[in-house]
file query03.txt (compact mmCIF, N, CA and C atoms)
# COMPACT_ATOMS: atom_id res chain seq x y z
N MET A 151 167.32 -53.84 162.59
CA MET A 151 167.15 -54.93 161.65
C MET A 151 167.78 -56.18 162.25
N SER A 152 167.09 -57.30 162.19
CA SER A 152 167.60 -58.53 162.79
C SER A 152 168.64 -59.17 161.90
N ASP A 153 169.46 -60.00 162.52
CA ASP A 153 170.55 -60.66 161.80
C ASP A 153 170.02 -61.54 160.68
N THR A 154 168.84 -62.15 160.87
CA THR A 154 168.31 -63.04 159.85
C THR A 154 167.84 -62.27 158.61
N ALA A 155 167.58 -60.96 158.75
CA ALA A 155 167.12 -60.17 157.61
C ALA A 155 168.27 -59.72 156.72
N VAL A 156 169.50 -59.83 157.18
CA VAL A 156 170.64 -59.41 156.38
C VAL A 156 170.93 -60.49 155.32
N PRO A 157 170.91 -60.12 154.04
CA PRO A 157 171.19 -61.10 152.99
C PRO A 157 172.60 -61.67 153.14
N ARG A 158 172.74 -62.95 152.86
CA ARG A 158 174.03 -63.63 152.97
C ARG A 158 174.52 -64.04 151.58
N VAL A 159 175.83 -63.92 151.40
CA VAL A 159 176.49 -64.30 150.15
C VAL A 159 177.53 -65.36 150.49
N LEU A 160 177.66 -66.36 149.63
CA LEU A 160 178.67 -67.41 149.81
C LEU A 160 179.67 -67.34 148.67
N ILE A 161 180.95 -67.21 149.03
CA ILE A 161 182.04 -67.19 148.03
C ILE A 161 182.80 -68.51 148.12
N ALA A 162 182.92 -69.20 147.00
CA ALA A 162 183.72 -70.43 146.92
C ALA A 162 184.89 -70.15 145.99
N GLU A 163 186.07 -69.99 146.57
CA GLU A 163 187.29 -69.66 145.82
C GLU A 163 188.47 -70.16 146.63
N GLU A 164 189.40 -70.82 145.98
CA GLU A 164 190.56 -71.40 146.66
C GLU A 164 191.50 -70.34 147.24
N ASN A 165 191.68 -69.24 146.55
CA ASN A 165 192.67 -68.24 146.93
C ASN A 165 192.15 -67.34 148.07
N LEU A 166 192.82 -67.41 149.22
CA LEU A 166 192.40 -66.65 150.39
C LEU A 166 192.41 -65.15 150.13
N ALA A 167 193.42 -64.65 149.47
CA ALA A 167 193.49 -63.20 149.19
C ALA A 167 192.32 -62.75 148.33
N TYR A 168 191.95 -63.53 147.32
CA TYR A 168 190.81 -63.19 146.47
C TYR A 168 189.52 -63.17 147.30
N ARG A 169 189.36 -64.20 148.15
CA ARG A 169 188.16 -64.25 148.99
C ARG A 169 188.07 -63.04 149.90
N ARG A 170 189.19 -62.66 150.48
CA ARG A 170 189.20 -61.50 151.39
C ARG A 170 188.84 -60.21 150.67
N VAL A 171 189.43 -60.00 149.51
CA VAL A 171 189.16 -58.78 148.74
C VAL A 171 187.68 -58.70 148.37
N MET A 172 187.12 -59.80 147.91
CA MET A 172 185.70 -59.80 147.52
C MET A 172 184.80 -59.63 148.74
N ARG A 173 185.13 -60.29 149.84
CA ARG A 173 184.34 -60.15 151.07
C ARG A 173 184.36 -58.70 151.55
N GLU A 174 185.54 -58.10 151.59
CA GLU A 174 185.66 -56.70 152.05
C GLU A 174 184.90 -55.75 151.14
N ALA A 175 184.99 -55.94 149.84
CA ALA A 175 184.29 -55.07 148.90
C ALA A 175 182.77 -55.21 149.06
N LEU A 176 182.31 -56.44 149.15
CA LEU A 176 180.87 -56.65 149.27
C LEU A 176 180.32 -56.09 150.58
N THR A 177 181.00 -56.35 151.68
CA THR A 177 180.49 -55.87 152.96
C THR A 177 180.64 -54.35 153.10
N ALA A 178 181.56 -53.75 152.37
CA ALA A 178 181.73 -52.30 152.41
C ALA A 178 180.69 -51.57 151.57
N PHE A 179 180.31 -52.14 150.42
CA PHE A 179 179.46 -51.43 149.48
C PHE A 179 178.07 -52.03 149.28
N ARG A 180 177.83 -53.21 149.79
CA ARG A 180 176.52 -53.87 149.65
C ARG A 180 176.00 -54.24 151.03
N HIS A 181 174.69 -54.22 151.18
CA HIS A 181 174.07 -54.62 152.44
C HIS A 181 174.01 -56.15 152.46
N CYS A 182 175.04 -56.77 153.03
CA CYS A 182 175.10 -58.23 153.07
C CYS A 182 176.15 -58.69 154.07
N GLU A 183 176.08 -59.96 154.41
CA GLU A 183 177.13 -60.63 155.15
C GLU A 183 177.68 -61.69 154.23
N VAL A 184 178.96 -62.01 154.39
CA VAL A 184 179.63 -62.92 153.46
C VAL A 184 180.28 -64.07 154.21
N ASP A 185 180.03 -65.27 153.73
CA ASP A 185 180.73 -66.47 154.17
C ASP A 185 181.61 -66.90 153.01
N ASP A 186 182.72 -67.55 153.32
CA ASP A 186 183.57 -68.00 152.22
C ASP A 186 184.11 -69.39 152.50
N ALA A 187 184.47 -70.07 151.44
CA ALA A 187 184.98 -71.44 151.51
C ALA A 187 186.09 -71.61 150.49
N ALA A 188 187.13 -72.34 150.89
CA ALA A 188 188.26 -72.59 149.99
C ALA A 188 188.05 -73.83 149.13
N THR A 189 187.06 -74.64 149.49
CA THR A 189 186.81 -75.87 148.73
C THR A 189 185.34 -75.98 148.38
N GLY A 190 185.06 -76.78 147.38
CA GLY A 190 183.68 -77.03 147.01
C GLY A 190 182.94 -77.79 148.09
N GLU A 191 183.63 -78.70 148.75
CA GLU A 191 183.00 -79.47 149.82
C GLU A 191 182.49 -78.56 150.93
N LEU A 192 183.34 -77.65 151.38
CA LEU A 192 182.93 -76.72 152.44
C LEU A 192 181.81 -75.80 151.95
N ALA A 193 181.90 -75.33 150.72
CA ALA A 193 180.85 -74.47 150.17
C ALA A 193 179.52 -75.21 150.13
N PHE A 194 179.54 -76.47 149.73
CA PHE A 194 178.32 -77.27 149.68
C PHE A 194 177.72 -77.41 151.08
N GLU A 195 178.58 -77.72 152.07
CA GLU A 195 178.10 -77.86 153.45
C GLU A 195 177.48 -76.56 153.95
N LEU A 196 178.15 -75.43 153.70
CA LEU A 196 177.62 -74.14 154.13
C LEU A 196 176.28 -73.83 153.46
N SER A 197 176.17 -74.18 152.18
CA SER A 197 174.93 -73.89 151.45
C SER A 197 173.74 -74.64 152.03
N LEU A 198 173.99 -75.77 152.67
CA LEU A 198 172.90 -76.54 153.26
C LEU A 198 172.57 -76.07 154.67
N LYS A 199 173.52 -75.38 155.32
CA LYS A 199 173.32 -74.92 156.70
C LYS A 199 172.64 -73.57 156.80
N ARG A 200 172.90 -72.68 155.86
CA ARG A 200 172.41 -71.31 155.95
C ARG A 200 171.71 -70.91 154.66
N PRO A 201 170.75 -69.99 154.79
CA PRO A 201 170.12 -69.47 153.57
C PRO A 201 171.00 -68.37 152.94
N TYR A 202 171.11 -68.37 151.65
CA TYR A 202 171.90 -67.39 150.90
C TYR A 202 171.04 -66.76 149.82
N VAL A 203 171.42 -65.54 149.43
CA VAL A 203 170.76 -64.87 148.31
C VAL A 203 171.63 -64.91 147.06
N LEU A 204 172.92 -65.22 147.23
CA LEU A 204 173.84 -65.21 146.10
C LEU A 204 175.03 -66.12 146.37
N PHE A 205 175.42 -66.87 145.36
CA PHE A 205 176.64 -67.67 145.40
C PHE A 205 177.62 -67.10 144.39
N LEU A 206 178.88 -66.97 144.80
CA LEU A 206 179.97 -66.63 143.89
C LEU A 206 180.89 -67.84 143.92
N THR A 207 181.06 -68.50 142.80
CA THR A 207 181.89 -69.70 142.79
C THR A 207 182.90 -69.67 141.66
N ALA A 208 184.13 -70.03 142.02
CA ALA A 208 185.19 -70.14 141.02
C ALA A 208 184.93 -71.37 140.17
N LEU A 209 185.29 -71.28 138.92
CA LEU A 209 185.16 -72.45 138.06
C LEU A 209 186.19 -73.51 138.46
N SER A 210 187.34 -73.06 138.92
CA SER A 210 188.41 -73.98 139.34
C SER A 210 188.49 -74.00 140.86
N LEU A 211 188.08 -75.09 141.46
CA LEU A 211 188.23 -75.32 142.89
C LEU A 211 189.11 -76.55 143.06
N PRO A 212 189.77 -76.71 144.21
CA PRO A 212 190.71 -77.81 144.35
C PRO A 212 190.07 -79.20 144.31
N ASP A 213 188.78 -79.30 144.66
CA ASP A 213 188.18 -80.62 144.76
C ASP A 213 187.03 -80.89 143.80
N ILE A 214 186.53 -79.86 143.14
CA ILE A 214 185.39 -80.03 142.24
C ILE A 214 185.32 -78.82 141.31
N LYS A 215 184.79 -79.03 140.12
CA LYS A 215 184.60 -77.89 139.21
C LYS A 215 183.44 -77.04 139.73
N GLY A 216 183.57 -75.74 139.61
CA GLY A 216 182.56 -74.82 140.11
C GLY A 216 181.18 -75.02 139.50
N ASP A 217 181.12 -75.36 138.22
CA ASP A 217 179.81 -75.57 137.60
C ASP A 217 179.14 -76.85 138.12
N LEU A 218 179.94 -77.86 138.45
CA LEU A 218 179.38 -79.08 139.04
C LEU A 218 178.90 -78.78 140.46
N LEU A 219 179.68 -78.00 141.22
CA LEU A 219 179.25 -77.58 142.55
C LEU A 219 177.92 -76.85 142.46
N ASP A 220 177.79 -75.95 141.51
CA ASP A 220 176.55 -75.20 141.34
C ASP A 220 175.39 -76.14 141.04
N THR A 221 175.60 -77.14 140.21
CA THR A 221 174.55 -78.11 139.89
C THR A 221 174.12 -78.88 141.15
N LEU A 222 175.10 -79.30 141.95
CA LEU A 222 174.78 -80.03 143.19
C LEU A 222 174.00 -79.15 144.16
N ILE A 223 174.43 -77.91 144.32
CA ILE A 223 173.73 -76.99 145.21
C ILE A 223 172.32 -76.73 144.70
N ALA A 224 172.17 -76.55 143.39
CA ALA A 224 170.86 -76.28 142.81
C ALA A 224 169.88 -77.41 143.09
N LYS A 225 170.36 -78.64 143.13
CA LYS A 225 169.48 -79.79 143.40
C LYS A 225 169.17 -79.93 144.89
N ALA A 226 170.17 -79.69 145.75
CA ALA A 226 170.00 -79.93 147.18
C ALA A 226 169.39 -78.75 147.93
N TYR A 227 169.70 -77.54 147.53
CA TYR A 227 169.31 -76.35 148.29
C TYR A 227 167.82 -76.26 148.59
N PRO A 228 166.94 -76.40 147.59
CA PRO A 228 165.51 -76.27 147.88
C PRO A 228 164.97 -77.39 148.78
N ARG A 229 165.65 -78.50 148.83
CA ARG A 229 165.19 -79.63 149.66
C ARG A 229 165.48 -79.43 151.14
N VAL A 230 166.49 -78.62 151.46
CA VAL A 230 166.85 -78.41 152.87
C VAL A 230 166.41 -77.05 153.41
N HIS A 231 166.06 -76.13 152.54
CA HIS A 231 165.60 -74.81 152.96
C HIS A 231 164.12 -74.70 152.64
N SER A 232 163.31 -74.91 153.65
CA SER A 232 161.86 -74.88 153.43
C SER A 232 161.43 -73.50 152.95
N GLY A 233 160.46 -73.51 152.07
CA GLY A 233 159.94 -72.26 151.53
C GLY A 233 160.68 -71.76 150.30
N THR A 234 161.75 -72.42 149.91
CA THR A 234 162.46 -72.02 148.69
C THR A 234 162.21 -73.05 147.60
N HIS A 235 162.08 -72.57 146.39
CA HIS A 235 161.80 -73.45 145.26
C HIS A 235 163.02 -73.65 144.36
N SER A 236 164.03 -72.80 144.57
CA SER A 236 165.25 -72.93 143.77
C SER A 236 166.42 -72.37 144.56
N ALA A 237 167.59 -72.70 144.13
CA ALA A 237 168.81 -72.17 144.75
C ALA A 237 168.98 -70.71 144.35
N PRO A 238 169.73 -69.95 145.12
CA PRO A 238 169.96 -68.54 144.78
C PRO A 238 170.73 -68.36 143.48
N ALA A 239 170.78 -67.11 143.06
CA ALA A 239 171.53 -66.74 141.86
C ALA A 239 173.01 -67.09 142.04
N VAL A 240 173.69 -67.30 140.93
CA VAL A 240 175.12 -67.63 140.97
C VAL A 240 175.89 -66.70 140.05
N VAL A 241 177.07 -66.29 140.51
CA VAL A 241 178.02 -65.53 139.71
C VAL A 241 179.29 -66.36 139.66
N PHE A 242 179.80 -66.59 138.47
CA PHE A 242 181.00 -67.41 138.32
C PHE A 242 182.25 -66.54 138.35
N LEU A 243 183.26 -67.04 139.02
CA LEU A 243 184.56 -66.37 139.12
C LEU A 243 185.48 -67.08 138.12
N LEU A 244 185.91 -66.37 137.10
CA LEU A 244 186.66 -66.98 136.00
C LEU A 244 188.05 -66.37 135.86
N LYS A 245 189.03 -67.22 135.58
CA LYS A 245 190.35 -66.74 135.20
C LYS A 245 190.26 -66.30 133.74
N SER A 246 191.18 -65.44 133.33
CA SER A 246 191.08 -64.90 131.97
C SER A 246 191.06 -65.99 130.91
N GLU A 247 191.79 -67.07 131.14
CA GLU A 247 191.80 -68.16 130.15
C GLU A 247 190.52 -68.99 130.17
N GLN A 248 189.62 -68.73 131.11
CA GLN A 248 188.34 -69.45 131.20
C GLN A 248 187.17 -68.63 130.67
N GLN A 249 187.42 -67.43 130.17
CA GLN A 249 186.34 -66.55 129.72
C GLN A 249 185.45 -67.19 128.66
N HIS A 250 186.04 -68.04 127.83
CA HIS A 250 185.26 -68.71 126.79
C HIS A 250 184.18 -69.62 127.39
N GLU A 251 184.33 -70.02 128.66
CA GLU A 251 183.35 -70.89 129.33
C GLU A 251 182.06 -70.15 129.65
N TRP A 252 182.11 -68.80 129.70
CA TRP A 252 180.94 -68.05 130.13
C TRP A 252 179.72 -68.31 129.25
N GLN A 253 179.90 -68.46 127.97
CA GLN A 253 178.76 -68.70 127.08
C GLN A 253 178.01 -69.96 127.51
N ARG A 254 178.74 -71.02 127.83
CA ARG A 254 178.11 -72.27 128.28
C ARG A 254 177.46 -72.09 129.66
N LEU A 255 178.18 -71.43 130.58
CA LEU A 255 177.69 -71.24 131.94
C LEU A 255 176.46 -70.34 131.98
N SER A 256 176.37 -69.40 131.07
CA SER A 256 175.28 -68.42 131.09
C SER A 256 173.94 -69.04 130.70
N ARG A 257 173.94 -70.27 130.26
CA ARG A 257 172.67 -70.94 129.90
C ARG A 257 171.83 -71.26 131.12
N SER A 258 172.46 -71.32 132.29
CA SER A 258 171.73 -71.58 133.52
C SER A 258 170.84 -70.38 133.84
N ALA A 259 169.59 -70.65 134.20
CA ALA A 259 168.66 -69.57 134.53
C ALA A 259 169.11 -68.80 135.77
N ARG A 260 169.89 -69.42 136.63
CA ARG A 260 170.35 -68.78 137.85
C ARG A 260 171.63 -67.98 137.66
N ALA A 261 172.34 -68.18 136.57
CA ALA A 261 173.61 -67.47 136.33
C ALA A 261 173.33 -66.00 136.06
N ARG A 262 173.96 -65.13 136.85
CA ARG A 262 173.73 -63.69 136.73
C ARG A 262 174.92 -62.93 136.17
N GLY A 263 176.01 -63.62 135.97
CA GLY A 263 177.17 -62.95 135.42
C GLY A 263 178.45 -63.63 135.84
N HIS A 264 179.55 -62.96 135.51
CA HIS A 264 180.85 -63.50 135.89
C HIS A 264 181.78 -62.35 136.27
N VAL A 265 182.78 -62.70 137.06
CA VAL A 265 183.80 -61.75 137.49
C VAL A 265 185.15 -62.39 137.17
N LEU A 266 186.02 -61.61 136.58
CA LEU A 266 187.35 -62.13 136.25
C LEU A 266 188.24 -62.14 137.49
N LEU A 267 189.09 -63.15 137.57
CA LEU A 267 190.10 -63.27 138.62
C LEU A 267 191.45 -62.95 138.04
N PRO A 268 192.33 -62.25 138.77
CA PRO A 268 192.12 -61.70 140.10
C PRO A 268 190.90 -60.80 140.10
N PRO A 269 190.26 -60.67 141.29
CA PRO A 269 188.96 -60.00 141.35
C PRO A 269 188.96 -58.62 140.73
N ARG A 270 188.08 -58.44 139.77
CA ARG A 270 187.84 -57.13 139.17
C ARG A 270 186.69 -56.51 139.94
N LEU A 271 187.01 -55.58 140.83
CA LEU A 271 186.00 -55.03 141.72
C LEU A 271 184.92 -54.27 140.98
N ASP A 272 185.27 -53.65 139.85
CA ASP A 272 184.24 -52.98 139.05
C ASP A 272 183.22 -53.99 138.54
N MET A 273 183.71 -55.15 138.10
CA MET A 273 182.81 -56.21 137.62
C MET A 273 181.97 -56.75 138.78
N LEU A 274 182.60 -56.93 139.93
CA LEU A 274 181.89 -57.45 141.10
C LEU A 274 180.76 -56.51 141.51
N MET A 275 181.04 -55.23 141.55
CA MET A 275 180.02 -54.26 141.94
C MET A 275 178.90 -54.17 140.89
N ASN A 276 179.27 -54.24 139.62
CA ASN A 276 178.27 -54.18 138.56
C ASN A 276 177.36 -55.40 138.57
N VAL A 277 177.93 -56.57 138.73
CA VAL A 277 177.13 -57.79 138.66
C VAL A 277 176.25 -57.96 139.91
N THR A 278 176.66 -57.40 141.04
CA THR A 278 175.86 -57.53 142.26
C THR A 278 174.88 -56.37 142.44
N ALA A 279 174.96 -55.36 141.60
CA ALA A 279 174.11 -54.17 141.76
C ALA A 279 172.62 -54.51 141.76
N GLY A 280 172.18 -55.39 140.92
CA GLY A 280 170.77 -55.75 140.87
C GLY A 280 170.38 -56.86 141.83
N LEU A 281 171.36 -57.43 142.51
CA LEU A 281 171.10 -58.57 143.39
C LEU A 281 171.18 -58.23 144.87
N LEU A 282 171.99 -57.23 145.20
CA LEU A 282 172.18 -56.82 146.60
C LEU A 282 172.00 -55.31 146.68
N SER A 283 171.32 -54.86 147.71
CA SER A 283 171.11 -53.42 147.85
C SER A 283 172.39 -52.75 148.33
N PRO A 284 172.57 -51.48 147.98
CA PRO A 284 173.77 -50.77 148.43
C PRO A 284 173.74 -50.56 149.94
N ARG A 285 174.92 -50.54 150.53
CA ARG A 285 175.03 -50.29 151.97
C ARG A 285 174.81 -48.81 152.20
N ASP A 286 174.12 -48.50 153.26
CA ASP A 286 173.90 -47.11 153.67
C ASP A 286 175.24 -46.53 154.10
N PRO A 287 175.76 -45.51 153.41
CA PRO A 287 177.06 -44.97 153.76
C PRO A 287 177.11 -44.37 155.16
N MET A 288 175.96 -44.04 155.72
CA MET A 288 175.91 -43.44 157.06
C MET A 288 175.73 -44.49 158.15
N ALA A 289 175.53 -45.74 157.78
CA ALA A 289 175.31 -46.79 158.77
C ALA A 289 176.56 -46.96 159.62
N GLY A 290 176.37 -47.08 160.89
CA GLY A 290 177.48 -47.31 161.80
C GLY A 290 178.15 -46.04 162.30
N LEU A 291 177.78 -44.88 161.74
CA LEU A 291 178.36 -43.62 162.19
C LEU A 291 177.59 -43.13 163.43
N PRO A 292 178.28 -42.51 164.36
CA PRO A 292 177.58 -41.99 165.54
C PRO A 292 176.63 -40.87 165.15
N THR A 293 175.52 -40.80 165.86
CA THR A 293 174.54 -39.75 165.54
C THR A 293 174.65 -38.58 166.48
call {"tool": "encode", "arguments": {"input": "query03.txt", "output": "structure tokens"}}
result
Amino acid sequence: MSDTAVPRVLIAEENLAYRRVMREALTAFRHCEVDDAATGELAFELSLKRPYVLFLTALSLPDIKGDLLDTLIAKAYPRVHSGTHSAPAVVFLLKSEQQHEWQRLSRSARARGHVLLPPRLDMLMNVTAGLLSPRDPMAGLPT
């Protein structure tokens, strides 16, 4: 399988430990590659450079609100990635005190769910189950 056929996920979250845990979980259990960004600015730049199948964005980023970042990506993404008509699905990363925001965020047609921070891996795996295929547990083992 070529590198371009592997689905890519972009995580926008300020906390390095959270990004690492989510990246490791996704690459261990889902067939995907993961890029991550600590700021909305970097996430926006990455979204314009590479094609993604899923964005995970924190509502609280150091330079921009996650929902505003998602709006900007939704407008720019189809213009720079030929053959796409909309930006990929988005999953919001919410702190427990931000859970009330989910009702508003879920109105977006691209919103597929939310994961509580610190990362709830059960939630992450459940919300990505319909979006990313499971990794072959035998992949990478010698034959």
call {"tool": "atom_distance", "arguments": {"input": "query03.txt", "atom1": "atom CA of Leu166 of chain A", "atom2": "atom N of Met288 of chain A"}}
result
28.5 Å
call {"tool": "closest_residue", "arguments": {"input": "query03.txt", "among": "A:Lys245, A:Phe205, A:Arg229, A:Pro269", "to": "Ala167 of chain A", "atoms": "only N, CA and C atoms"}}
result
A:Pro269
call {"tool": "atom_distance", "arguments": {"input": "query03.txt", "atom1": "atom CA of Met275 of chain A", "atom2": "atom CA of His231 of chain A"}}
result
27.4 Å
call {"tool": "closest_residue", "arguments": {"input": "query03.txt", "among": "A:Val230, A:Leu243, A:Leu267, A:Leu211", "to": "Lys199 of chain A", "atoms": "all atoms listed in the file"}}
result
A:Val230
call {"tool": "select_by_dssp", "arguments": {"input": "query03.txt", "residues": "chain A", "states": "alpha helix (DSSP H)", "output": "PyMOL selection string"}}
result
chain A and resi 166-179+190-199+216-230+252-255+271-278
call {"tool": "atom_distance", "arguments": {"input": "query03.txt", "atom1": "atom CA of Ile161 of chain A", "atom2": "atom CA of Asn276 of chain A"}}
result
16.5 Å
call {"tool": "closest_residue", "arguments": {"input": "query03.txt", "among": "A:Glu163, A:Arg260, A:His235, A:Val277", "to": "Ala193 of chain A", "atoms": "all atoms listed in the file"}}
result
A:Glu163
call {"tool": "closest_residue", "arguments": {"input": "query03.txt", "among": "A:Leu160, A:Leu209, A:Ala226, A:Ala239", "to": "Val184 of chain A", "atoms": "all atoms listed in the file"}}
result
A:Leu160
call {"tool": "closest_residue", "arguments": {"input": "query03.txt", "among": "A:Gly280, A:Leu271, A:His264, A:Asp186", "to": "Trp252 of chain A", "atoms": "only N, CA and C atoms"}}
result
A:His264
call {"tool": "axis_aligned_box", "arguments": {"input": "query03.txt", "around": "segment 209-219 of chain A", "padding_each_side": "8 Å", "output": "lines of an AutoDock Vina configuration file"}}
result
center_x = 184.3
center_y = -76.1
center_z = 141.2
size_x = 28.8
size_y = 25.6
size_z = 23.2
call {"tool": "select_by_dssp", "arguments": {"input": "query03.txt", "residues": "chain A", "states": "strand (DSSP E or B)", "output": "PyMOL selection string"}}
result
chain A and resi 158-162+180+183-187+204-208+210+215+239-245+261-267+284
call {"tool": "residues_around", "arguments": {"input": "query03.txt", "residues": "Phe242 of chain A", "least_positions_apart": "6", "cutoff": "8 Å", "atoms": "only C-alpha atoms", "output": "list in words"}}
result
Leu206, Thr207, Ala208, Leu209, Gly216, Ala261, Gly263, His264 and Val265 of chain A
